[in-house]
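First comes the structure, then the notes that go with it.
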Amino acid sequence: MAAMDSLLSLQKAKGAVVEFGTYKGRSAAILANRVAPDEKFVLVDIADYLDLQAIRSINPGVDFVQCASREFRRKYPDFRSIRKKSRLVHVDTSHSYRDTYSEMRLCDELLSPEGIAVFDDFTNLNYSQIIPAIYKYIYTNRTDLCVFMVTDEKCYLCRKSHLNIYLSFVLQGIIRSMAVRGINDAMIARSGWHREYRAIYLRTKSDGETGDRYGEEIYGNFYAGP
């Protein structure tokens, strides 16, 4: 949540914020604080577990759509108004291979030029199908989506036009931003660099680790720039 909030605070342009898989609204409550009154805030789930009034006490303009993500284009009447205008799409649904692949396509439709897509449980190997679905979409479609950061919970994607901007923030500002949000033992890791994959791992330090960058004495050149 601290990482996602850090990235939301970095964004300057306004746009819709959409969450697929809201459940009881834990992450939605945090997202609600970052949505401006003139932005659309859309929560989507297959079942109504949400305390909608609690979320509306934070952001009165929230829309709740009860449907599967694959039905969202058809079920949400204002879909066109958020297409290519969503600055954040958070996905925490069934985690099946087919649904994740479909949700990648949906994110591609929804995201604005500076938009970010966030997929939950990326490194939870109980849901190992998330990883191949995301990378198959990236490497077998004509898309400009790419991964710029991963954590122990989530995968963060952006459009290639903004890749250097987000990578630079992770390299130069994410540690400080996490500390402001109460995470004082964050560090980043990047042990390789390739034009097709430049993502950075954000995590907390293991016992005995010092510094903010994993293996800097070995991999220091990979931290020199985005």
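Identifiers for the structure tokens are assigned positionally: chains receive A, B, ... in sequence, residues are indexed from 1 per chain, and ligands are indexed from 1 in the order shown.
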### Message
Need the shell around A:Lys85: protein/DNA/RNA residues with any atom at most 7 Å away, counting only C-alpha atoms. Skip same-chain ones fewer than 2 positions apart. Format as a ChimeraX atom specification?
### Response
/A:15-16,82-83,87,110-112
### Task
Determine which residues of stretch 93-226 of chain A DSSP labels as helix (DSSP H, G or I) from the backbone of this structure, then write them out as number ranges by chain.
A: 97-110, 125-127, 130-140, 160-172, 174-180, 216-223
### Query
Can you list every residue in stretch 19-204 of chain A that DSSP puts in strand (DSSP E), as a count of residues only?
48
Find the spatial neighbours of A:Arg190, counting only C-alpha atoms, within a cut-off of 9 Å - ignore same-chain residues fewer than 5 positions away - and output them as a compact mmCIF listing (two decimals) with all heavy atoms, in the first residue's frame.
# COMPACT_ATOMS: atom_id res chain seq x y z
N ARG A 198 13.81 -3.97 -17.62
CA ARG A 198 14.63 -3.14 -16.73
C ARG A 198 13.97 -2.95 -15.35
O ARG A 198 14.32 -2.04 -14.62
CB ARG A 198 14.86 -1.77 -17.36
CG ARG A 198 15.76 -1.80 -18.59
CD ARG A 198 16.07 -0.41 -19.07
NE ARG A 198 15.01 0.14 -19.91
CZ ARG A 198 14.79 1.44 -20.08
NH1 ARG A 198 15.52 2.33 -19.43
NH2 ARG A 198 13.82 1.86 -20.87
N ALA A 199 13.05 -3.82 -15.00
CA ALA A 199 12.29 -3.65 -13.76
C ALA A 199 13.19 -3.72 -12.52
O ALA A 199 14.26 -4.34 -12.53
CB ALA A 199 11.20 -4.70 -13.66
N ILE A 200 12.72 -3.09 -11.46
CA ILE A 200 13.43 -3.02 -10.19
C ILE A 200 12.58 -3.67 -9.11
O ILE A 200 11.36 -3.51 -9.09
CB ILE A 200 13.74 -1.55 -9.83
CG1 ILE A 200 14.62 -0.91 -10.89
CG2 ILE A 200 14.41 -1.45 -8.45
CD1 ILE A 200 14.71 0.60 -10.80
N TYR A 201 13.23 -4.40 -8.23
CA TYR A 201 12.56 -5.09 -7.12
C TYR A 201 12.63 -4.20 -5.88
O TYR A 201 13.71 -3.78 -5.47
CB TYR A 201 13.27 -6.42 -6.89
CG TYR A 201 12.81 -7.26 -5.72
CD1 TYR A 201 11.48 -7.29 -5.31
CD2 TYR A 201 13.73 -8.06 -5.04
CE1 TYR A 201 11.08 -8.10 -4.26
CE2 TYR A 201 13.34 -8.88 -4.00
CZ TYR A 201 12.01 -8.90 -3.60
OH TYR A 201 11.63 -9.69 -2.55
N ARG A 213 20.60 -0.47 -1.56
CA ARG A 213 20.65 -1.12 -2.87
C ARG A 213 21.35 -2.46 -2.75
O ARG A 213 22.49 -2.54 -2.29
CB ARG A 213 21.37 -0.23 -3.89
CG ARG A 213 20.68 1.12 -4.09
CD ARG A 213 21.40 2.01 -5.05
NE ARG A 213 20.63 3.22 -5.32
CZ ARG A 213 20.92 4.10 -6.27
NH1 ARG A 213 21.97 3.90 -7.04
NH2 ARG A 213 20.17 5.16 -6.45
N TYR A 214 20.66 -3.49 -3.18
CA TYR A 214 21.18 -4.84 -3.07
C TYR A 214 22.43 -5.02 -3.93
O TYR A 214 22.45 -4.68 -5.11
CB TYR A 214 20.12 -5.84 -3.51
CG TYR A 214 20.62 -7.26 -3.65
CD1 TYR A 214 20.87 -8.04 -2.53
CD2 TYR A 214 20.86 -7.80 -4.92
CE1 TYR A 214 21.33 -9.34 -2.67
CE2 TYR A 214 21.32 -9.10 -5.06
CZ TYR A 214 21.56 -9.86 -3.93
OH TYR A 214 22.02 -11.14 -4.06
N GLY A 215 23.50 -5.56 -3.30
CA GLY A 215 24.71 -5.90 -4.04
C GLY A 215 25.32 -4.76 -4.80
O GLY A 215 25.87 -4.97 -5.90
N TYR A 219 26.72 -4.88 -8.45
CA TYR A 219 25.76 -4.49 -9.50
C TYR A 219 25.57 -2.97 -9.59
O TYR A 219 24.58 -2.51 -10.17
CB TYR A 219 24.41 -5.13 -9.21
CG TYR A 219 24.45 -6.63 -9.03
CD1 TYR A 219 24.11 -7.22 -7.83
CD2 TYR A 219 24.87 -7.45 -10.08
CE1 TYR A 219 24.14 -8.60 -7.66
CE2 TYR A 219 24.92 -8.83 -9.92
CZ TYR A 219 24.55 -9.40 -8.71
OH TYR A 219 24.60 -10.76 -8.54
N GLY A 220 26.50 -2.22 -9.05
CA GLY A 220 26.33 -0.76 -8.98
C GLY A 220 26.04 -0.10 -10.29
O GLY A 220 25.28 0.88 -10.34
N PHE A 222 24.15 -1.06 -12.60
CA PHE A 222 22.75 -1.22 -12.97
C PHE A 222 21.84 -0.24 -12.21
O PHE A 222 20.65 -0.12 -12.54
CB PHE A 222 22.28 -2.64 -12.71
CG PHE A 222 23.01 -3.68 -13.51
CD1 PHE A 222 23.60 -4.77 -12.89
CD2 PHE A 222 23.14 -3.56 -14.88
CE1 PHE A 222 24.29 -5.72 -13.63
CE2 PHE A 222 23.82 -4.49 -15.63
CZ PHE A 222 24.40 -5.59 -15.00
N TYR A 223 22.41 0.45 -11.23
CA TYR A 223 21.66 1.47 -10.50
C TYR A 223 22.00 2.88 -10.98
O TYR A 223 21.45 3.86 -10.47
CB TYR A 223 21.96 1.39 -9.01
CG TYR A 223 21.59 0.08 -8.35
CD1 TYR A 223 22.57 -0.81 -7.94
CD2 TYR A 223 20.27 -0.26 -8.13
CE1 TYR A 223 22.24 -2.02 -7.34
CE2 TYR A 223 19.91 -1.45 -7.53
CZ TYR A 223 20.91 -2.33 -7.14
OH TYR A 223 20.57 -3.52 -6.53
### Message
Need the shell around A:Gly25: protein/DNA/RNA residues with any atom at most 8 Å away, counting only C-alpha atoms. Skip same-chain ones fewer than 6 positions apart. Format as number ranges by chain?
### Response
A: 50-51, 55
Can you pull out the residues contacting A:Gln11? Cut-off 12 Å, using only C-alpha atoms, and skip same-chain residues under 4 positions away; I want them as a JSON list (two decimals) with all heavy atoms, in the first residue's frame.
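The result, written out as result39.json:
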[["chain", "number", "residue", "atom", "x", "y", "z"],
["A", 4, "MET", "N", 2.22, 1.71, -3.55],
["A", 4, "MET", "CA", 1.20, 2.18, -4.48],
["A", 4, "MET", "C", 0.85, 3.64, -4.21],
["A", 4, "MET", "O", 0.68, 4.44, -5.13],
["A", 4, "MET", "CB", -0.04, 1.28, -4.37],
["A", 4, "MET", "CG", -1.03, 1.47, -5.50],
["A", 4, "MET", "SD", -2.08, 0.03, -5.81],
["A", 4, "MET", "CE", -2.87, -0.19, -4.22],
["A", 5, "ASP", "N", 0.76, 4.00, -2.94],
["A", 5, "ASP", "CA", 0.46, 5.39, -2.60],
["A", 5, "ASP", "C", 1.59, 6.33, -3.03],
["A", 5, "ASP", "O", 1.34, 7.45, -3.48],
["A", 5, "ASP", "CB", 0.22, 5.52, -1.09],
["A", 5, "ASP", "CG", -0.29, 6.90, -0.70],
["A", 5, "ASP", "OD1", -1.42, 7.24, -1.10],
["A", 5, "ASP", "OD2", 0.45, 7.63, -0.01],
["A", 6, "SER", "N", 2.82, 5.86, -2.93],
["A", 6, "SER", "CA", 3.96, 6.67, -3.39],
["A", 6, "SER", "C", 3.85, 6.99, -4.87],
["A", 6, "SER", "O", 4.10, 8.13, -5.30],
["A", 6, "SER", "CB", 5.28, 5.92, -3.13],
["A", 6, "SER", "OG", 5.52, 5.75, -1.75],
["A", 7, "LEU", "N", 3.46, 6.01, -5.67],
["A", 7, "LEU", "CA", 3.34, 6.22, -7.10],
["A", 7, "LEU", "C", 2.15, 7.10, -7.45],
["A", 7, "LEU", "O", 2.23, 7.95, -8.34],
["A", 7, "LEU", "CB", 3.24, 4.88, -7.81],
["A", 7, "LEU", "CG", 4.53, 4.05, -7.77],
["A", 7, "LEU", "CD1", 4.27, 2.61, -8.13],
["A", 7, "LEU", "CD2", 5.60, 4.66, -8.67],
["A", 15, "GLY", "N", -7.03, 11.55, -13.79],
["A", 15, "GLY", "CA", -7.64, 10.48, -14.57],
["A", 15, "GLY", "C", -8.37, 9.54, -13.65],
["A", 15, "GLY", "O", -8.26, 9.64, -12.42],
["A", 17, "VAL", "N", -9.44, 6.23, -11.49],
["A", 17, "VAL", "CA", -8.80, 5.18, -10.71],
["A", 17, "VAL", "C", -9.79, 4.02, -10.64],
["A", 17, "VAL", "O", -10.94, 4.19, -10.25],
["A", 17, "VAL", "CB", -8.43, 5.67, -9.29],
["A", 17, "VAL", "CG1", -7.91, 4.52, -8.44],
["A", 17, "VAL", "CG2", -7.40, 6.78, -9.37],
["A", 34, "ARG", "N", -6.70, 9.31, -2.59],
["A", 34, "ARG", "CA", -5.88, 9.89, -3.66],
["A", 34, "ARG", "C", -6.72, 10.31, -4.88],
["A", 34, "ARG", "O", -6.16, 10.81, -5.85],
["A", 34, "ARG", "CB", -4.82, 8.88, -4.10],
["A", 34, "ARG", "CG", -3.67, 8.73, -3.11],
["A", 34, "ARG", "CD", -2.81, 9.95, -3.09],
["A", 34, "ARG", "NE", -1.71, 9.84, -2.14],
["A", 34, "ARG", "CZ", -0.90, 10.85, -1.85],
["A", 34, "ARG", "NH1", -1.09, 12.03, -2.43],
["A", 34, "ARG", "NH2", 0.07, 10.69, -0.98],
["A", 35, "VAL", "N", -8.02, 10.07, -4.83],
["A", 35, "VAL", "CA", -8.87, 10.39, -5.98],
["A", 35, "VAL", "C", -9.48, 11.77, -5.79],
["A", 35, "VAL", "O", -10.17, 12.02, -4.79],
["A", 35, "VAL", "CB", -9.97, 9.33, -6.16],
["A", 35, "VAL", "CG1", -10.81, 9.66, -7.38],
["A", 35, "VAL", "CG2", -9.36, 7.93, -6.29],
["A", 86, "SER", "N", -7.39, 6.36, -17.59],
["A", 86, "SER", "CA", -7.25, 5.85, -16.22],
["A", 86, "SER", "C", -5.79, 5.93, -15.79],
["A", 86, "SER", "O", -4.90, 5.39, -16.47],
["A", 86, "SER", "CB", -7.74, 4.41, -16.13],
["A", 86, "SER", "OG", -9.11, 4.35, -16.48],
["A", 87, "ARG", "N", -5.54, 6.59, -14.68],
["A", 87, "ARG", "CA", -4.15, 6.75, -14.24],
["A", 87, "ARG", "C", -3.68, 5.62, -13.34],
["A", 87, "ARG", "O", -2.49, 5.42, -13.14],
["A", 87, "ARG", "CB", -3.93, 8.08, -13.55],
["A", 87, "ARG", "CG", -4.69, 8.32, -12.26],
["A", 87, "ARG", "CD", -4.42, 9.73, -11.77],
["A", 87, "ARG", "NE", -5.15, 10.08, -10.59],
["A", 87, "ARG", "CZ", -4.64, 10.08, -9.35],
["A", 87, "ARG", "NH1", -3.39, 9.71, -9.17],
["A", 87, "ARG", "NH2", -5.37, 10.44, -8.32],
["A", 88, "LEU", "N", -4.64, 4.85, -12.79],
["A", 88, "LEU", "CA", -4.26, 3.65, -12.04],
["A", 88, "LEU", "C", -5.36, 2.61, -12.18],
["A", 88, "LEU", "O", -6.54, 2.91, -12.02],
["A", 88, "LEU", "CB", -4.02, 3.94, -10.56],
["A", 88, "LEU", "CG", -3.52, 2.69, -9.82],
["A", 88, "LEU", "CD1", -2.20, 2.97, -9.10],
["A", 88, "LEU", "CD2", -4.54, 2.19, -8.81],
["A", 112, "SER", "N", -4.13, 5.64, -19.24],
["A", 112, "SER", "CA", -3.70, 6.89, -19.87],
["A", 112, "SER", "C", -2.21, 6.78, -20.19],
["A", 112, "SER", "O", -1.54, 5.83, -19.79],
["A", 112, "SER", "CB", -3.94, 8.06, -18.91],
["A", 112, "SER", "OG", -3.12, 7.91, -17.75],
["A", 113, "PRO", "N", -1.64, 7.79, -20.88],
["A", 113, "PRO", "CA", -0.20, 7.72, -21.18],
["A", 113, "PRO", "C", 0.68, 7.56, -19.95],
["A", 113, "PRO", "O", 1.69, 6.85, -20.01],
["A", 113, "PRO", "CB", 0.06, 9.06, -21.89],
["A", 113, "PRO", "CG", -1.23, 9.37, -22.56],
["A", 113, "PRO", "CD", -2.29, 8.90, -21.60],
["A", 114, "GLU", "N", 0.31, 8.19, -18.83],
["A", 114, "GLU", "CA", 1.14, 8.05, -17.63],
["A", 114, "GLU", "C", 0.55, 7.03, -16.64],
["A", 114, "GLU", "O", 0.99, 6.91, -15.51],
["A", 114, "GLU", "CB", 1.34, 9.38, -16.93],
["A", 114, "GLU", "CG", 0.13, 9.94, -16.22],
["A", 114, "GLU", "CD", 0.51, 11.02, -15.20],
["A", 114, "GLU", "OE1", 1.68, 11.44, -15.15],
["A", 114, "GLU", "OE2", -0.38, 11.43, -14.47],
["A", 115, "GLY", "N", -0.43, 6.28, -17.08],
["A", 115, "GLY", "CA", -1.14, 5.35, -16.20],
["A", 115, "GLY", "C", -0.28, 4.18, -15.72],
["A", 115, "GLY", "O", 0.70, 3.79, -16.35],
["A", 116, "ILE", "N", -0.70, 3.62, -14.59],
["A", 116, "ILE", "CA", -0.02, 2.48, -13.98],
["A", 116, "ILE", "C", -1.03, 1.36, -13.77],
["A", 116, "ILE", "O", -2.14, 1.60, -13.29],
["A", 116, "ILE", "CB", 0.59, 2.87, -12.61],
["A", 116, "ILE", "CG1", 1.68, 3.93, -12.78],
["A", 116, "ILE", "CG2", 1.15, 1.64, -11.90],
["A", 116, "ILE", "CD1", 2.14, 4.51, -11.46],
["A", 162, "HIS", "N", 6.60, 6.35, -20.49],
["A", 162, "HIS", "CA", 6.85, 6.84, -19.14],
["A", 162, "HIS", "C", 7.76, 5.91, -18.33],
["A", 162, "HIS", "O", 7.94, 6.13, -17.13],
["A", 162, "HIS", "CB", 5.52, 7.04, -18.39],
["A", 162, "HIS", "CG", 4.84, 8.32, -18.73],
["A", 162, "HIS", "ND1", 4.30, 8.57, -19.97],
["A", 162, "HIS", "CD2", 4.61, 9.45, -17.99],
["A", 162, "HIS", "CE1", 3.78, 9.78, -19.99],
["A", 162, "HIS", "NE2", 3.95, 10.33, -18.82],
["A", 165, "ILE", "N", 10.65, 7.64, -16.54],
["A", 165, "ILE", "CA", 10.18, 8.49, -15.45],
["A", 165, "ILE", "C", 9.95, 7.67, -14.19],
["A", 165, "ILE", "O", 10.41, 8.02, -13.09],
["A", 165, "ILE", "CB", 8.88, 9.22, -15.86],
["A", 165, "ILE", "CG1", 9.18, 10.21, -16.99],
["A", 165, "ILE", "CG2", 8.25, 9.94, -14.66],
["A", 165, "ILE", "CD1", 7.93, 10.83, -17.60],
["A", 166, "TYR", "N", 9.24, 6.54, -14.34],
["A", 166, "TYR", "CA", 8.94, 5.71, -13.17],
["A", 166, "TYR", "C", 10.18, 4.99, -12.66],
["A", 166, "TYR", "O", 10.38, 4.86, -11.44],
["A", 166, "TYR", "CB", 7.82, 4.74, -13.49],
["A", 166, "TYR", "CG", 6.48, 5.42, -13.58],
["A", 166, "TYR", "CD1", 5.71, 5.33, -14.73],
["A", 166, "TYR", "CD2", 5.98, 6.18, -12.52],
["A", 166, "TYR", "CE1", 4.48, 5.98, -14.82],
["A", 166, "TYR", "CE2", 4.76, 6.83, -12.61],
["A", 166, "TYR", "CZ", 4.01, 6.72, -13.76],
["A", 166, "TYR", "OH", 2.80, 7.36, -13.84],
["A", 169, "PHE", "N", 12.19, 7.40, -10.61],
["A", 169, "PHE", "CA", 11.61, 7.62, -9.29],
["A", 169, "PHE", "C", 11.94, 6.46, -8.35],
["A", 169, "PHE", "O", 12.29, 6.66, -7.19],
["A", 169, "PHE", "CB", 10.10, 7.79, -9.38],
["A", 169, "PHE", "CG", 9.44, 7.87, -8.03],
["A", 169, "PHE", "CD1", 9.59, 8.99, -7.23],
["A", 169, "PHE", "CD2", 8.67, 6.82, -7.56],
["A", 169, "PHE", "CE1", 9.00, 9.06, -5.97],
["A", 169, "PHE", "CE2", 8.06, 6.87, -6.31],
["A", 169, "PHE", "CZ", 8.22, 8.00, -5.51]]
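Between A:Val150 and the residues A:Ala189, A:Leu106, A:Ala2, A:Ala13, the shortest atom-to-atom distance, using only C-alpha atoms, involves A:Ala189.
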### Residues near A:Pro60, cut-off 12 Å, only C-alpha atoms, skip fewer than 5 positions along chain, as a PyMOL selection string
chain A and resi 29+32-33+35-42+52-55
Can you write just those residues out, C-alpha atoms, as a PDB file, in the first residue's frame?
ATOM      1  CA  ALA A  29     -10.088   2.936   1.248  1.00  0.00           C
ATOM      2  CA  ALA A  32     -10.059   6.796  -2.175  1.00  0.00           C
ATOM      3  CA  ASN A  33      -7.822   9.338  -0.440  1.00  0.00           C
ATOM      4  CA  VAL A  35      -8.866  10.385  -5.984  1.00  0.00           C
ATOM      5  CA  ALA A  36      -9.763  14.025  -6.661  1.00  0.00           C
ATOM      6  CA  PRO A  37     -13.450  15.108  -6.639  1.00  0.00           C
ATOM      7  CA  ASP A  38     -13.475  15.535 -10.419  1.00  0.00           C
ATOM      8  CA  GLU A  39     -11.920  12.111 -11.109  1.00  0.00           C
ATOM      9  CA  LYS A  40     -13.864   8.905 -11.604  1.00  0.00           C
ATOM     10  CA  PHE A  41     -13.321   6.231  -8.946  1.00  0.00           C
ATOM     11  CA  VAL A  42     -14.650   2.835 -10.016  1.00  0.00           C
ATOM     12  CA  LEU A  52     -19.872   1.177   0.122  1.00  0.00           C
ATOM     13  CA  GLN A  53     -20.988   3.813   2.610  1.00  0.00           C
ATOM     14  CA  ALA A  54     -17.627   3.628   4.375  1.00  0.00           C
ATOM     15  CA  ILE A  55     -15.826   4.236   1.074  1.00  0.00           C
TER      16      ILE A  55
END
### Query
Near A:Ser177, counting only C-alpha atoms, which residues have an atom at most 10 Å away, once you skip same-chain residues fewer than 3 positions from it, shown as number ranges by chain?
A: 2-3, 5-7, 9-10, 169-170, 172-174, 180-184, 186
With all heavy atoms retained, could you export that selection as a tab-separated table (two decimals), in the first residue's frame?
chain	number	residue	atom	x	y	z
A	2	ALA	N	1.97	1.23	0.74
A	2	ALA	CA	2.87	2.39	0.77
A	2	ALA	C	3.49	2.62	-0.60
A	2	ALA	O	3.65	3.76	-1.04
A	2	ALA	CB	3.96	2.19	1.83
A	3	ALA	N	3.86	1.54	-1.28
A	3	ALA	CA	4.46	1.67	-2.61
A	3	ALA	C	3.45	2.23	-3.59
A	3	ALA	O	3.76	3.13	-4.39
A	3	ALA	CB	4.98	0.31	-3.08
A	5	ASP	N	0.76	4.00	-2.94
A	5	ASP	CA	0.46	5.39	-2.60
A	5	ASP	C	1.59	6.33	-3.03
A	5	ASP	O	1.34	7.45	-3.48
A	5	ASP	CB	0.22	5.52	-1.09
A	5	ASP	CG	-0.29	6.90	-0.70
A	5	ASP	OD1	-1.42	7.24	-1.10
A	5	ASP	OD2	0.45	7.63	-0.01
A	6	SER	N	2.82	5.86	-2.93
A	6	SER	CA	3.96	6.67	-3.39
A	6	SER	C	3.85	6.99	-4.87
A	6	SER	O	4.10	8.13	-5.30
A	6	SER	CB	5.28	5.92	-3.13
A	6	SER	OG	5.52	5.75	-1.75
A	7	LEU	N	3.46	6.01	-5.67
A	7	LEU	CA	3.34	6.22	-7.10
A	7	LEU	C	2.15	7.10	-7.45
A	7	LEU	O	2.23	7.95	-8.34
A	7	LEU	CB	3.24	4.88	-7.81
A	7	LEU	CG	4.53	4.05	-7.77
A	7	LEU	CD1	4.27	2.61	-8.13
A	7	LEU	CD2	5.60	4.66	-8.67
A	9	SER	N	1.04	9.49	-5.62
A	9	SER	CA	1.42	10.86	-5.25
A	9	SER	C	2.35	11.48	-6.27
A	9	SER	O	2.44	12.71	-6.38
A	9	SER	CB	2.08	10.87	-3.86
A	9	SER	OG	3.35	10.26	-3.89
A	10	LEU	N	3.04	10.64	-7.04
A	10	LEU	CA	3.97	11.13	-8.07
A	10	LEU	C	3.24	11.64	-9.29
A	10	LEU	O	3.70	12.56	-9.98
A	10	LEU	CB	4.93	10.00	-8.46
A	10	LEU	CG	5.97	10.28	-9.53
A	10	LEU	CD1	7.00	11.28	-9.02
A	10	LEU	CD2	6.65	8.98	-9.95
A	169	PHE	N	12.19	7.40	-10.61
A	169	PHE	CA	11.61	7.62	-9.29
A	169	PHE	C	11.94	6.46	-8.35
A	169	PHE	O	12.29	6.66	-7.19
A	169	PHE	CB	10.10	7.79	-9.38
A	169	PHE	CG	9.44	7.87	-8.03
A	169	PHE	CD1	9.59	8.99	-7.23
A	169	PHE	CD2	8.67	6.82	-7.56
A	169	PHE	CE1	9.00	9.06	-5.97
A	169	PHE	CE2	8.06	6.87	-6.31
A	169	PHE	CZ	8.22	8.00	-5.51
A	170	VAL	N	11.84	5.23	-8.87
A	170	VAL	CA	12.16	4.07	-8.03
A	170	VAL	C	13.63	4.11	-7.61
A	170	VAL	O	13.97	3.86	-6.44
A	170	VAL	CB	11.84	2.76	-8.76
A	170	VAL	CG1	12.26	1.56	-7.92
A	170	VAL	CG2	10.36	2.67	-9.08
A	172	GLN	N	15.66	6.78	-7.43
A	172	GLN	CA	16.10	7.98	-6.70
A	172	GLN	C	15.19	8.42	-5.56
A	172	GLN	O	15.63	9.13	-4.66
A	172	GLN	CB	16.27	9.13	-7.69
A	172	GLN	CG	17.28	8.85	-8.79
A	172	GLN	CD	17.17	9.82	-9.96
A	172	GLN	OE1	16.50	10.84	-9.88
A	172	GLN	NE2	17.80	9.47	-11.07
A	173	GLY	N	13.91	7.99	-5.61
A	173	GLY	CA	12.99	8.56	-4.63
A	173	GLY	C	12.15	7.59	-3.83
A	173	GLY	O	11.56	7.98	-2.82
A	174	ILE	N	12.08	6.32	-4.24
A	174	ILE	CA	11.14	5.42	-3.59
A	174	ILE	C	11.52	5.12	-2.14
A	174	ILE	O	10.65	4.98	-1.27
A	174	ILE	CB	10.98	4.10	-4.40
A	174	ILE	CG1	9.73	3.33	-3.95
A	174	ILE	CG2	12.22	3.23	-4.29
A	174	ILE	CD1	8.44	3.89	-4.39
A	180	VAL	N	8.72	8.01	4.53
A	180	VAL	CA	7.68	8.97	4.91
A	180	VAL	C	6.40	8.24	5.30
A	180	VAL	O	5.64	8.70	6.16
A	180	VAL	CB	7.42	9.95	3.74
A	180	VAL	CG1	6.16	10.77	3.99
A	180	VAL	CG2	8.63	10.87	3.55
A	181	ARG	N	6.17	7.09	4.69
A	181	ARG	CA	4.95	6.30	4.95
A	181	ARG	C	5.16	5.21	6.00
A	181	ARG	O	4.37	4.28	6.12
A	181	ARG	CB	4.42	5.72	3.63
A	181	ARG	CG	3.85	6.80	2.72
A	181	ARG	CD	3.77	6.38	1.26
A	181	ARG	NE	3.13	7.43	0.47
A	181	ARG	CZ	3.75	8.52	0.04
A	181	ARG	NH1	5.04	8.70	0.32
A	181	ARG	NH2	3.10	9.44	-0.66
A	182	GLY	N	6.27	5.31	6.74
A	182	GLY	CA	6.50	4.41	7.86
A	182	GLY	C	7.26	3.15	7.56
A	182	GLY	O	7.45	2.31	8.44
A	183	ILE	N	7.73	2.98	6.31
A	183	ILE	CA	8.52	1.81	5.95
A	183	ILE	C	9.99	2.24	5.93
A	183	ILE	O	10.47	2.80	4.95
A	183	ILE	CB	8.11	1.23	4.58
A	183	ILE	CG1	6.60	1.03	4.50
A	183	ILE	CG2	8.84	-0.08	4.31
A	183	ILE	CD1	6.03	0.04	5.49
A	184	ASN	N	10.71	1.98	7.01
A	184	ASN	CA	12.06	2.51	7.17
A	184	ASN	C	13.16	1.53	6.79
A	184	ASN	O	14.35	1.87	6.92
A	184	ASN	CB	12.26	2.95	8.62
A	184	ASN	CG	11.35	4.10	9.00
A	184	ASN	OD1	11.36	5.14	8.35
A	184	ASN	ND2	10.56	3.92	10.06
A	186	ALA	N	13.23	-0.23	3.67
A	186	ALA	CA	13.07	-0.59	2.26
A	186	ALA	C	14.41	-0.57	1.54
A	186	ALA	O	15.32	0.19	1.87
A	186	ALA	CB	12.10	0.37	1.58
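When only C-alpha atoms are used to measure the gap to A:Met1, the shortest distance among A:Ser69, A:Asn59, A:Ser27, A:Thr22 belongs to A:Ser27.
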### Message
Which residue is closest to A:Leu8? Choose from A:Pro77, A:Gly208, A:Thr93, A:Tyr156 and count only C-alpha atoms.
### Response
A:Tyr156
### Task
Considering only C-alpha atoms, state which residue in the set A:Asn221, A:Gly61, A:Asn164, A:Gln129 is at the smallest distance from A:Cys146.
A:Asn164
